[in-house]
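**Student:** This is data-v7.txt (compact mmCIF, C-alpha atoms and all ligand atoms).
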```txt
# COMPACT_ATOMS: atom_id res chain seq x y z
CA MET A 6 -2.95 -77.30 92.68
CA ASP A 7 -2.50 -80.92 91.72
CA PHE A 8 -2.70 -80.51 87.97
CA PRO A 9 0.20 -80.29 85.49
CA GLY A 10 2.07 -77.02 86.04
CA GLY A 11 0.53 -76.63 89.49
CA CYS A 12 2.60 -79.21 91.39
CA VAL A 13 6.18 -78.21 90.56
CA PRO A 14 8.94 -76.95 92.88
CA PHE A 15 9.02 -73.19 93.62
CA THR A 16 12.18 -71.22 92.78
CA THR A 17 13.44 -67.74 93.69
CA GLU A 18 15.26 -67.47 90.37
CA LEU A 19 13.39 -65.49 87.68
CA LYS A 20 14.26 -67.37 84.52
CA PHE A 21 12.62 -67.72 81.12
CA VAL A 22 13.14 -71.02 79.34
CA GLY A 23 13.73 -71.54 75.62
CA GLY A 24 13.10 -69.09 72.83
CA HIS A 25 14.85 -68.60 69.54
CA PHE A 26 17.85 -66.76 71.05
CA SER A 27 18.39 -69.17 73.92
CA THR A 28 20.68 -72.20 74.10
CA ASP A 29 19.34 -73.76 77.30
CA VAL A 30 17.02 -76.21 75.50
CA PRO A 31 19.21 -78.15 73.06
CA PRO A 32 17.65 -79.20 69.74
CA MET A 33 16.46 -82.79 69.42
CA SER A 34 19.02 -84.93 67.64
CA CYS A 35 18.18 -86.88 64.50
CA TYR A 36 18.03 -90.70 64.58
CA ARG A 37 19.65 -92.54 61.66
CA THR A 38 21.10 -95.99 60.95
CA LEU A 39 22.76 -95.24 57.58
CA ASP A 40 25.17 -92.45 56.73
CA SER A 41 24.53 -90.08 53.82
CA VAL A 42 25.74 -92.56 51.19
CA GLY A 43 24.17 -95.60 52.80
CA ASP A 44 26.92 -97.23 54.83
CA ALA A 45 25.45 -98.75 57.97
CA LEU A 46 26.45 -96.83 61.09
CA GLN A 47 25.82 -99.87 63.25
CA GLU A 48 23.46 -102.79 63.23
CA ALA A 49 20.06 -101.40 64.12
CA ASP A 50 19.40 -102.85 67.53
CA THR A 51 15.61 -103.01 67.61
CA PRO A 52 13.06 -105.79 68.01
CA TRP A 53 11.69 -104.88 64.54
CA GLY A 54 14.87 -105.55 62.52
CA LEU A 55 14.15 -105.83 58.79
CA ASP A 56 14.47 -109.28 57.26
CA GLU A 57 15.36 -109.92 53.62
CA GLU A 58 11.78 -110.15 52.40
CA GLN A 59 10.71 -106.86 54.01
CA ALA A 60 13.87 -105.06 52.95
CA VAL A 61 13.51 -106.15 49.32
CA ARG A 62 9.83 -105.18 49.34
CA ILE A 63 10.74 -101.70 50.62
CA TYR A 64 13.41 -101.31 47.96
CA ARG A 65 11.11 -102.48 45.17
CA ALA A 66 8.48 -99.96 46.28
CA MET A 67 11.03 -97.13 46.29
CA VAL A 68 12.17 -98.06 42.77
CA GLY A 69 8.53 -98.31 41.67
CA LEU A 70 7.84 -94.88 43.13
CA GLN A 71 10.83 -93.27 41.42
CA THR A 72 9.96 -94.87 38.09
CA MET A 73 6.31 -93.86 38.29
CA ASP A 74 7.23 -90.32 39.34
CA GLY A 75 9.63 -89.96 36.40
CA VAL A 76 7.21 -91.26 33.76
CA PHE A 77 4.10 -89.54 35.16
CA TYR A 78 5.96 -86.23 35.53
CA ASP A 79 7.06 -86.34 31.89
CA SER A 80 3.55 -87.31 30.78
CA GLN A 81 2.13 -84.30 32.57
CA ARG A 82 4.69 -82.06 30.84
CA GLN A 83 3.50 -83.53 27.52
CA GLY A 84 0.00 -82.34 28.42
CA ARG A 85 -1.52 -85.80 28.85
CA PHE A 86 -3.02 -84.80 32.23
CA SER A 87 -3.16 -81.59 34.19
CA PHE A 88 -1.08 -81.95 37.35
CA TYR A 89 1.40 -84.17 39.16
CA ILE A 90 3.49 -84.21 42.33
CA THR A 91 6.65 -86.27 42.81
CA SER A 92 8.23 -87.65 45.99
CA ALA A 93 11.88 -87.10 44.99
CA GLY A 94 14.04 -87.09 48.13
CA GLU A 95 11.17 -88.33 50.34
CA GLU A 96 10.75 -91.89 49.05
CA ALA A 97 12.14 -93.48 52.22
CA THR A 98 9.81 -91.51 54.47
CA ALA A 99 6.65 -92.78 52.79
CA VAL A 100 7.77 -96.33 52.04
CA GLY A 101 9.78 -96.95 55.24
CA SER A 102 6.87 -95.83 57.43
CA ALA A 103 4.29 -97.76 55.38
CA ALA A 104 6.32 -100.94 55.89
CA ALA A 105 6.04 -100.60 59.67
CA LEU A 106 2.25 -100.22 59.62
CA ALA A 107 -0.26 -103.08 59.64
CA PRO A 108 -2.81 -103.31 56.79
CA ALA A 109 -5.62 -102.48 59.27
CA ASP A 110 -3.92 -99.21 60.24
CA VAL A 111 -5.75 -96.27 58.73
CA VAL A 112 -3.85 -93.70 56.66
CA PHE A 113 -4.61 -90.01 56.15
CA ALA A 114 -2.08 -88.46 53.78
CA GLN A 115 -1.34 -84.95 52.49
CA TYR A 116 -0.49 -85.62 48.80
CA ARG A 117 3.20 -86.49 48.57
CA GLU A 118 2.82 -89.95 50.09
CA GLN A 119 1.98 -92.08 47.04
CA GLY A 120 4.74 -94.42 48.30
CA VAL A 121 2.43 -95.52 51.12
CA LEU A 122 -0.29 -96.53 48.66
CA LEU A 123 2.22 -98.23 46.37
CA TYR A 124 3.60 -100.24 49.27
CA ARG A 125 0.05 -101.26 50.25
CA GLY A 126 -0.70 -102.60 46.77
CA PHE A 127 -2.24 -99.71 44.79
CA SER A 128 -1.21 -100.53 41.21
CA PHE A 129 0.37 -98.24 38.62
CA LEU A 130 -2.91 -98.60 36.73
CA ASP A 131 -4.87 -97.39 39.79
CA PHE A 132 -2.62 -94.30 39.94
CA ALA A 133 -2.96 -93.73 36.21
CA HIS A 134 -6.78 -94.00 36.25
CA GLN A 135 -6.90 -91.33 38.97
CA CYS A 136 -4.52 -88.96 37.20
CA PHE A 137 -6.53 -89.22 33.97
CA GLY A 138 -9.74 -88.74 35.99
CA ASN A 139 -11.43 -91.48 33.99
CA ALA A 140 -14.53 -93.57 34.70
CA GLN A 141 -12.46 -96.34 36.33
CA GLU A 142 -11.19 -94.27 39.22
CA PRO A 143 -13.30 -94.25 42.41
CA GLY A 144 -13.74 -90.45 42.34
CA LYS A 145 -15.04 -90.60 38.73
CA GLY A 146 -12.81 -87.70 37.72
CA ARG A 147 -14.34 -85.23 40.15
CA GLN A 148 -10.98 -84.46 41.75
CA MET A 149 -7.67 -83.10 40.51
CA PRO A 150 -4.93 -85.60 39.71
CA ILE A 151 -3.04 -87.03 42.73
CA HIS A 152 -6.13 -87.03 44.96
CA TYR A 153 -5.94 -90.77 45.46
CA GLY A 154 -8.01 -92.79 47.89
CA SER A 155 -8.71 -96.45 48.51
CA ALA A 156 -11.28 -97.88 50.91
CA GLU A 157 -9.82 -101.39 50.48
CA LEU A 158 -6.35 -100.19 51.43
CA ASN A 159 -7.57 -98.09 54.38
CA PHE A 160 -6.31 -94.91 52.74
CA HIS A 161 -8.58 -91.87 53.03
CA THR A 162 -8.93 -89.74 49.93
CA ILE A 163 -6.51 -86.81 49.72
CA SER A 164 -8.04 -83.42 50.47
CA SER A 165 -6.55 -80.24 48.94
CA PRO A 166 -6.93 -77.82 51.87
CA LEU A 167 -3.77 -78.29 53.92
CA ALA A 168 -3.93 -79.85 57.39
CA THR A 169 -7.63 -80.74 57.32
CA GLN A 170 -6.56 -84.39 57.43
CA LEU A 171 -5.05 -83.89 60.90
CA PRO A 172 -8.20 -83.43 63.03
CA HIS A 173 -9.97 -86.04 60.86
CA ALA A 174 -7.18 -88.51 61.64
CA VAL A 175 -7.45 -87.86 65.37
CA GLY A 176 -11.20 -88.49 65.22
CA ALA A 177 -10.61 -91.75 63.36
CA ALA A 178 -7.97 -92.81 65.89
CA TYR A 179 -10.32 -92.03 68.76
CA ALA A 180 -12.94 -94.21 67.06
CA LEU A 181 -10.42 -97.08 66.85
CA LYS A 182 -9.76 -96.63 70.56
CA LEU A 183 -13.47 -96.65 71.47
CA GLU A 184 -13.93 -99.82 69.41
CA ALA A 185 -10.90 -101.37 71.18
CA ARG A 186 -9.24 -102.24 67.87
CA GLN A 187 -5.54 -103.08 67.77
CA ALA A 188 -4.85 -100.55 65.04
CA VAL A 189 -3.47 -97.03 64.76
CA VAL A 190 -3.97 -94.09 62.41
CA ALA A 191 -0.97 -92.70 60.54
CA VAL A 192 -1.40 -89.10 59.41
CA TYR A 193 1.15 -87.46 57.12
CA PHE A 194 1.72 -83.74 56.65
CA GLY A 195 4.40 -81.23 55.65
CA GLU A 196 6.14 -78.78 57.95
CA GLY A 197 4.27 -76.03 56.08
CA ALA A 198 0.91 -77.61 56.83
CA ALA A 199 1.96 -77.75 60.49
CA SER A 200 1.64 -73.93 60.58
CA GLU A 201 -2.14 -74.31 60.22
CA GLY A 202 -4.29 -74.13 63.35
CA ASP A 203 -5.56 -77.62 62.55
CA PHE A 204 -2.17 -79.07 63.49
CA HIS A 205 -2.34 -77.61 66.99
CA ALA A 206 -5.98 -78.58 67.54
CA ALA A 207 -5.23 -82.11 66.35
CA ALA A 208 -2.17 -82.49 68.57
CA ASN A 209 -3.97 -81.32 71.69
CA PHE A 210 -7.09 -83.40 71.06
CA ALA A 211 -4.98 -86.49 70.33
CA ALA A 212 -3.00 -86.05 73.56
CA THR A 213 -5.99 -85.36 75.80
CA LEU A 214 -8.17 -88.09 74.26
CA GLY A 215 -5.32 -90.62 74.18
CA ALA A 216 -5.95 -91.28 70.49
CA PRO A 217 -3.57 -93.85 68.93
CA VAL A 218 -2.37 -91.68 66.07
CA LEU A 219 1.09 -91.38 64.54
CA PHE A 220 1.73 -87.82 63.40
CA ILE A 221 4.30 -88.24 60.62
CA CYS A 222 5.67 -84.89 59.52
CA ARG A 223 7.70 -84.75 56.33
CA ASN A 224 9.98 -81.81 56.95
CA ASN A 225 11.37 -81.26 53.46
CA GLY A 226 12.58 -77.72 54.07
CA TRP A 227 10.07 -76.00 51.77
CA ALA A 228 6.37 -75.20 51.51
CA ILE A 229 6.42 -74.41 47.78
CA SER A 230 8.74 -71.35 47.85
CA THR A 231 8.48 -70.62 51.59
CA PRO A 232 11.52 -72.01 53.41
CA ALA A 233 11.09 -73.83 56.72
CA THR A 234 13.00 -70.98 58.39
CA GLU A 235 9.92 -68.81 57.83
CA GLN A 236 7.52 -71.43 59.28
CA TYR A 237 8.73 -71.59 62.87
CA ARG A 238 11.26 -70.27 65.38
CA GLY A 239 11.33 -73.32 67.68
CA ASP A 240 13.00 -76.71 67.29
CA GLY A 241 11.23 -77.77 64.10
CA ILE A 242 8.06 -79.83 64.38
CA ALA A 243 9.35 -82.60 66.70
CA GLY A 244 10.21 -79.93 69.26
CA ARG A 245 6.52 -79.10 69.63
CA GLY A 246 5.48 -82.62 70.62
CA PRO A 247 6.67 -82.78 74.25
CA SER A 248 4.84 -79.56 75.10
CA TYR A 249 1.60 -81.27 74.03
CA GLY A 250 2.55 -84.34 76.09
CA ILE A 251 3.30 -86.32 72.91
CA PRO A 252 6.38 -88.58 72.75
CA SER A 253 8.35 -87.31 69.77
CA VAL A 254 11.36 -88.23 67.68
CA ARG A 255 13.31 -86.66 64.83
CA VAL A 256 14.53 -89.08 62.21
CA ASP A 257 16.60 -89.01 59.02
CA GLY A 258 13.79 -89.28 56.46
CA GLY A 259 16.22 -90.40 53.74
CA ASP A 260 17.14 -93.53 55.71
CA ALA A 261 14.39 -96.07 55.08
CA ARG A 262 15.58 -98.35 57.88
CA ALA A 263 15.57 -95.50 60.42
CA VAL A 264 12.07 -94.44 59.36
CA TYR A 265 10.91 -98.06 59.56
CA ASN A 266 12.39 -98.53 63.06
CA ALA A 267 10.98 -95.23 64.32
CA THR A 268 7.50 -95.96 62.95
CA ALA A 269 7.47 -99.52 64.34
CA ALA A 270 8.50 -98.20 67.76
CA ALA A 271 5.97 -95.35 67.58
CA ARG A 272 3.18 -97.78 66.65
CA ASP A 273 4.09 -99.93 69.63
CA ILE A 274 4.00 -96.93 72.00
CA ALA A 275 0.68 -95.72 70.55
CA LEU A 276 -0.96 -99.10 71.12
CA ARG A 277 0.59 -99.86 74.51
CA HIS A 278 0.00 -96.41 76.00
CA GLY A 279 -3.12 -95.54 74.03
CA GLY A 280 -1.99 -92.17 72.74
CA PRO A 281 -0.31 -90.20 69.96
CA VAL A 282 3.35 -90.19 68.86
CA LEU A 283 5.03 -87.59 66.67
CA ILE A 284 7.73 -88.38 64.10
CA GLU A 285 9.51 -85.59 62.22
CA ALA A 286 11.21 -87.07 59.17
CA MET A 287 13.88 -84.73 57.80
CA SER A 288 13.76 -85.36 54.06
CA TYR A 289 14.70 -82.59 51.65
CA ARG A 290 12.34 -82.15 48.69
CA SER A 291 14.81 -82.61 45.84
CA GLY A 292 12.20 -82.14 43.09
CA HIS A 293 9.93 -79.21 42.31
CA HIS A 294 6.88 -78.73 44.56
CA SER A 295 4.61 -79.86 41.71
CA THR A 296 4.30 -79.56 37.95
CA SER A 297 3.04 -75.99 38.58
CA ASP A 298 6.33 -74.99 40.22
CA ASP A 299 9.84 -74.09 39.08
CA SER A 300 11.99 -74.32 42.19
CA SER A 301 15.09 -72.95 40.42
CA ARG A 302 13.41 -69.55 41.00
CA TYR A 303 13.94 -69.77 44.77
CA ARG A 304 16.83 -72.18 45.41
CA THR A 305 20.13 -72.97 43.79
CA ALA A 306 20.86 -75.85 41.43
CA THR A 307 23.84 -76.75 43.64
CA GLU A 308 21.63 -77.22 46.68
CA MET A 309 19.32 -79.50 44.73
CA ALA A 310 22.23 -81.48 43.25
CA VAL A 311 23.76 -82.08 46.68
CA TRP A 312 20.51 -83.57 47.90
CA ARG A 313 19.89 -85.64 44.77
CA ALA A 314 23.26 -87.28 45.42
CA ARG A 315 21.83 -88.54 48.73
CA ASP A 316 19.11 -90.47 46.92
CA PRO A 317 17.24 -92.50 49.59
CA ALA A 318 16.82 -95.51 47.27
CA ALA A 319 20.56 -95.62 46.50
CA ARG A 320 21.34 -95.37 50.22
CA PHE A 321 19.04 -98.25 51.02
CA ARG A 322 20.37 -100.33 48.14
CA ARG A 323 23.85 -100.24 49.70
CA LEU A 324 22.38 -101.93 52.75
CA LEU A 325 20.82 -104.65 50.56
CA ASP A 326 24.09 -105.10 48.65
CA ALA A 327 26.07 -105.43 51.87
CA ALA A 328 23.65 -108.11 53.12
CA GLY A 329 23.90 -110.01 49.80
CA TRP A 330 20.17 -109.47 49.14
CA TRP A 331 20.56 -107.58 45.85
CA ASP A 332 22.81 -107.34 42.78
CA ASP A 333 23.17 -105.47 39.47
CA GLY A 334 21.27 -108.14 37.52
CA ARG A 335 18.19 -107.86 39.74
CA GLU A 336 18.47 -104.08 39.66
CA GLN A 337 18.48 -103.90 35.88
CA ALA A 338 15.64 -106.39 35.52
CA LEU A 339 13.51 -104.55 38.09
CA ARG A 340 14.06 -101.09 36.58
CA GLN A 341 13.27 -102.30 33.04
CA ALA A 342 10.17 -104.30 34.02
CA THR A 343 8.85 -101.48 36.21
CA ARG A 344 9.25 -98.89 33.49
CA ARG A 345 7.42 -101.09 31.00
CA GLU A 346 4.59 -101.62 33.50
CA VAL A 347 4.23 -97.89 34.26
CA VAL A 348 4.22 -96.89 30.58
CA ALA A 349 1.64 -99.61 29.79
CA ALA A 350 -0.57 -98.45 32.69
CA LEU A 351 -0.56 -94.87 31.41
CA GLY A 352 -1.44 -95.96 27.89
CA LYS A 353 -4.29 -98.12 29.14
CA ALA A 354 -5.75 -95.49 31.49
CA GLN A 355 -5.63 -92.82 28.80
CA ARG A 356 -7.91 -94.94 26.60
CA VAL A 357 -10.58 -95.35 29.31
CA PRO A 358 -13.48 -92.92 28.75
CA LYS A 359 -14.40 -90.23 31.25
CA ALA A 360 -17.33 -90.79 33.61
CA SER A 361 -20.66 -89.39 32.44
CA LEU A 362 -21.37 -85.74 33.19
CA ASP A 363 -24.27 -86.81 35.39
CA ALA A 364 -21.76 -88.48 37.73
CA MET A 365 -20.74 -84.96 38.76
CA PHE A 366 -24.04 -84.59 40.61
CA ALA A 367 -24.24 -88.06 42.14
CA ASP A 368 -22.90 -89.89 45.20
CA VAL A 369 -22.94 -87.05 47.74
CA TYR A 370 -26.58 -86.61 48.74
CA ALA A 371 -29.23 -89.33 49.01
CA GLU A 372 -31.56 -86.88 47.27
CA VAL A 373 -30.09 -84.26 44.94
CA PRO A 374 -30.74 -80.84 46.60
CA TRP A 375 -32.45 -78.06 44.64
CA HIS A 376 -29.34 -76.00 43.93
CA LEU A 377 -27.52 -79.00 42.40
CA ALA A 378 -30.64 -79.95 40.45
CA GLU A 379 -30.64 -76.40 39.02
CA GLN A 380 -26.97 -76.68 38.04
CA GLN A 381 -27.57 -80.08 36.47
CA ALA A 382 -30.39 -78.58 34.38
CA GLU A 383 -28.08 -75.71 33.34
CA VAL A 384 -25.44 -78.20 32.19
CA ALA A 385 -28.07 -80.09 30.20
CA GLU A 386 -29.25 -76.83 28.59
CA HIS A 387 -25.65 -75.81 27.76
CA LEU A 388 -25.06 -79.16 26.07
CA ARG A 389 -28.32 -78.88 24.14
CA ARG A 390 -27.24 -75.46 22.81
CA HIS A 391 -23.67 -76.57 22.05
CA PRO A 392 -23.91 -80.14 20.83
CA GLY A 393 -20.51 -81.72 20.33
CA ALA A 394 -18.67 -79.14 22.50
CA TRP A 395 -17.45 -81.83 24.90
CA PRO A 396 -16.85 -84.81 22.62
CA ASP A 397 -14.81 -86.90 25.08
CA ILE A 398 -17.30 -86.70 27.98
CA PRO A 399 -20.33 -89.00 27.87
CA LEU A 400 -23.46 -87.17 28.95
CA GLN A 401 -25.16 -90.03 30.76
C1 LIG B 501 -5.23 -74.22 53.49
C2 LIG B 501 -4.32 -74.19 52.28
N1 LIG B 501 -3.50 -73.14 52.08
C3 LIG B 501 -2.68 -73.11 51.01
C4 LIG B 501 -2.69 -74.14 50.10
C5 LIG B 501 -1.78 -74.08 48.87
N2 LIG B 501 -0.65 -75.01 49.06
C6 LIG B 501 -0.68 -76.24 48.51
S1 LIG B 501 0.68 -77.12 48.90
C7 LIG B 501 1.34 -75.87 49.81
C8 LIG B 501 2.67 -76.04 50.50
C9 LIG B 501 2.63 -77.07 51.59
O1 LIG B 501 3.90 -77.30 52.12
P1 LIG B 501 4.21 -78.47 53.11
O2 LIG B 501 3.07 -78.70 54.03
O3 LIG B 501 5.53 -78.21 53.73
O4 LIG B 501 4.27 -79.78 52.18
P2 LIG B 501 5.20 -80.08 50.92
O5 LIG B 501 4.47 -79.62 49.70
O6 LIG B 501 6.49 -79.39 51.11
O7 LIG B 501 5.33 -81.56 50.86
C10 LIG B 501 0.51 -74.75 49.79
C11 LIG B 501 0.79 -73.48 50.45
C12 LIG B 501 -3.58 -75.22 50.34
N3 LIG B 501 -3.63 -76.28 49.53
N4 LIG B 501 -4.36 -75.24 51.43
```
What would the structure in this file look like if it were written as structure tokens?
**Tutor:**
Amino acid sequence: MDFPGGCVPFTTELKFVGGHFSTDVPPMSCYRTLDSVGDALQEADTPWGLDEEQAVRIYRAMVGLQTMDGVFYDSQRQGRFSFYITSAGEEATAVGSAAALAPADVVFAQYREQGVLLYRGFSFLDFAHQCFGNAQEPGKGRQMPIHYGSAELNFHTISSPLATQLPHAVGAAYALKLEARQAVVAVYFGEGAASEGDFHAAANFAATLGAPVLFICRNNGWAISTPATEQYRGDGIAGRGPSYGIPSVRVDGGDARAVYNATAAARDIALRHGGPVLIEAMSYRSGHHSTSDDSSRYRTATEMAVWRARDPAARFRRLLDAAGWWDDGREQALRQATRREVVAALGKAQRVPKASLDAMFADVYAEVPWHLAEQQAEVAEHLRRHPGAWPDIPLQ
């Protein structure tokens, strides 16, 4: 039996391995380079060490993300648009990993990874257009806010049903492999999404096809109000990787340098060995799940405060300060300029008209099928009977 599992030594000892009550398989440790306040544990000894330019770019993106999240969140609460999701606590996971990818690498995200897009060059105005669902955004307002996408930035449009991005990402990575391109796919997902069957199908297909895909799990402890302790009994998400034959690592997701190093190393493995790598970034969600959630209903204010004090941007700034790459003057100037830019972007996007109602029926089929044609006629009839009912939406 010369296939895996068939060519192992025999034993006379009847022994079961692992399981939630067993201690014979120790949990994977968590790689970090900064402690919880940001003091360097030791110089990161990797071939991908961050230089000043990269480190400052990462920090600027994290500050941009926090500023945008703060202003957009408040705008949603004022009723200016319908929905928003922040990255609080997980900034370093998105931005640190994005910094280790090449522009040609293809990204499939879940929805809490706007830091990847920001790092790649999506502007505050691009984000604002999408959240207002106006005529300037590529989806023409046919999606909820936060469903960003950008063909130019190799970022596939967010899809609401959890985990569907995982098998798609594996297919895209397999295509890159067949075309012999020196690029990988990075697919992001939460530990909650990893309970979907799609995660398991994607992991097994990626391993057996040798698809160069980086599975980047943001384990933030919660899937809305469901704690991670109700999602699995094994060693988190990273613990699943080796059983699929996927090299896996657990990393401190609040340490941007650790996430950067782990992603750079994972990318290198994926390209050299032609196969998937799994990264589990432990990064507590210190904000609410979304603007539709009030997390004080299921966790304590103390728990949230403890995690806010470990702000990933503040931790990374200590590293910049220690290297002499940053100071209070630059900090103040950046925060003020960024806030002005974000507020201006929101104001501008809010004034852009919505796409025409006809756009709702376009762009999917080469020829509009009969059932959509019927619906389009119904909309036209409704508008004829109620002229002026939708004053802010152009009809054509
Ligand atoms: C298939 C499916 N089931 C349920 C939902 C509703 N839903 C949206 S987000 C979410 C929690 C996801 O948690 P996790 O994957 O851990 O990501 P996080 O929000 O914590 O970043 C749920 C249940 C959905 N969008 N899709």
**Student:** Find the residue from A:Ala269, A:Ala286, A:Ala185, A:Ala156 that sits nearest to ligand LIG 501 (chain B); use all atoms listed in the file when measuring.
**Tutor:**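 Once distances to ligand LIG 501 (chain B) are computed over all atoms listed in the file, the minimum belongs to A:Ala286.
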**Student:** Which residues of chain A come within 7 Å of ligand LIG 501 (chain B), and what is each one's closest atom pair and distance in Å (one decimal), counting only C-alpha atoms and all ligand atoms, sorted by chain and residue number, as a tab-separated table?
**Tutor:**
```
residue	atom	partner	partner_atom	distance
A:Arg117	CA	B:LIG501	O7	5.8
A:Ser165	CA	B:LIG501	N3	5.0
A:Pro166	CA	B:LIG501	N4	3.7
A:Leu167	CA	B:LIG501	N4	4.0
A:Ala168	CA	B:LIG501	C1	7.0
A:Phe194	CA	B:LIG501	O2	5.8
A:Gly195	CA	B:LIG501	O2	3.3
A:Glu196	CA	B:LIG501	O3	4.3
A:Gly197	CA	B:LIG501	O3	3.4
A:Ala198	CA	B:LIG501	O2	3.7
A:Ala199	CA	B:LIG501	O2	6.6
A:Arg223	CA	B:LIG501	O7	6.8
A:Asn224	CA	B:LIG501	O3	6.6
A:Asn225	CA	B:LIG501	O6	5.7
A:Gly226	CA	B:LIG501	O6	7.0
A:Trp227	CA	B:LIG501	O6	5.0
A:Ala228	CA	B:LIG501	O1	3.3
A:Ile229	CA	B:LIG501	C8	4.9
A:Arg290	CA	B:LIG501	O6	6.9
A:His294	CA	B:LIG501	O5	5.7
```
**Student:** Distance table requested - stretch 222-333 of chain A against stretch 58-65 of chain A, cut-off 12 Å, only C-alpha atoms: one row per qualifying residue with the closest atom pair and its distance in Å to one decimal, ordered by chain and rising residue number, as a tab-separated table.
**Tutor:**
```
residue	atom	partner	partner_atom	distance
A:Asp260	CA	A:Ile63	CA	11.6
A:Ala261	CA	A:Ile63	CA	8.1
A:Arg262	CA	A:Ala60	CA	8.5
A:Val264	CA	A:Ile63	CA	11.4
A:Tyr265	CA	A:Ile63	CA	9.7
A:Pro317	CA	A:Tyr64	CA	9.7
A:Ala318	CA	A:Tyr64	CA	6.8
A:Ala319	CA	A:Tyr64	CA	9.3
A:Arg320	CA	A:Tyr64	CA	10.2
A:Phe321	CA	A:Tyr64	CA	7.1
A:Arg322	CA	A:Tyr64	CA	7.0
A:Arg323	CA	A:Tyr64	CA	10.6
A:Leu324	CA	A:Ala60	CA	9.1
A:Leu325	CA	A:Ala60	CA	7.4
A:Asp326	CA	A:Val61	CA	10.7
A:Ala328	CA	A:Ala60	CA	10.2
A:Gly329	CA	A:Val61	CA	11.1
A:Trp330	CA	A:Val61	CA	7.4
A:Trp331	CA	A:Val61	CA	8.0
A:Asp332	CA	A:Val61	CA	11.4
```
**Student:** Which is closer to A:Ala107 than all the others in A:His387, A:His152, A:Arg345, A:Arg272, using only C-alpha atoms?
**Tutor:**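 With only C-alpha atoms as the atom set, the closest residue is A:Arg272.
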**Student:** Write out as a list in words the residues lying within 10 Å of A:Thr343, counting only C-alpha atoms and excluding same-chain residues fewer than 3 positions away.
**Tutor:** Arg65, Val68, Gly69, Leu70, Gln71, Thr72, Met73, Phe129, Gln337, Ala338, Leu339, Arg340, Glu346, Val347, Val348 and Ala349 of chain A
**Student:** Excluding stretch 365-381 of chain A and its own-chain neighbours fewer than 4 positions away, which residues fall within 9 Å of it when counting all atoms listed in the file? Please give them as a list in words.
**Tutor:** Lys145, Gly146, Arg147, Ala360, Ser361, Ala385 and Glu386 of chain A
**Student:** Could you state the separation of atom CA of A:Arg85 and atom CA of A:Ala310 in Å, given to one decimal place?
**Tutor:**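 Calculated distance between atom CA of A:Arg85 and atom CA of A:Ala310 is 28.1 Å.
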**Student:** If we count only C-alpha atoms, what is near A:Ala350 at a cut-off of 9 Å, once residues fewer than 5 positions away on the same chain are taken out, given as a list in words?
**Tutor:**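 My list of contacting residues is Ser128, Phe129, Leu130, Asp131, Phe132, Ala133, His134, Arg345 and Gln355 of chain A.
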**Student:** Which residue, A:Ser301, A:Thr162, A:Thr38, A:Pro217, has the smallest gap to A:Gln187 when you use only C-alpha atoms?
**Tutor:**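 Among the listed residues, A:Pro217 lies closest to A:Gln187.
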**Student:** In terms of the shortest atom-to-atom distance over all atoms listed in the file, which of A:Phe86, A:Tyr124, A:Gly258, A:Gly43 is closest to A:Asn139?
**Tutor:**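 With all atoms listed in the file as the atom set, the closest residue is A:Phe86.
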**Student:** Residues at most 7 Å from A:Val282, counting only C-alpha atoms, excluding those fewer than 2 positions away in the same chain, as JSON, numbers by chain?
**Tutor:** {"A": [218, 219, 220, 251, 252, 253, 271, 275, 280, 284]}
**Student:** Would you work out the distance separating atom CA of A:Val22 from atom CA of A:Pro232, expressed in Å to one decimal?
**Tutor:**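 Rounded to one decimal, the two atoms are 26.0 Å apart.
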**Student:** I need the residue nearest A:Ile151 from this list: A:Gly94, A:Trp53, A:Val112, A:Phe77. Use only C-alpha atoms for the distance.
**Tutor:** A:Phe77
**Student:** Please write as a list in words the list of polymer residues whose atoms come within 9 Å of (1.8, -79.8, 73.2), counting only C-alpha atoms and keeping to the coordinates of the file.
**Tutor:**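 Every residue inside that radius is included here: His205, Ala208, Asn209, Ala212, Arg245, Gly246, Pro247, Ser248, Tyr249, Gly250 and Ile251 of chain A.
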**Student:** Please compute the atom CA of A:Ser288-atom CA of A:Gly241 distance, one decimal, in Å.
**Tutor:**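 Computing the Euclidean distance for atom CA of A:Ser288 and atom CA of A:Gly241 yields 12.8 Å.
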**Student:** Please identify all polymer residues lying at most 8 Å from the point (-6.8, -87.1, 71.0) (file coordinates), using all atoms listed in the file, and present the result as a PyMOL selection string.
**Tutor:** chain A and resi 175-176+178-179+207-217+280-281
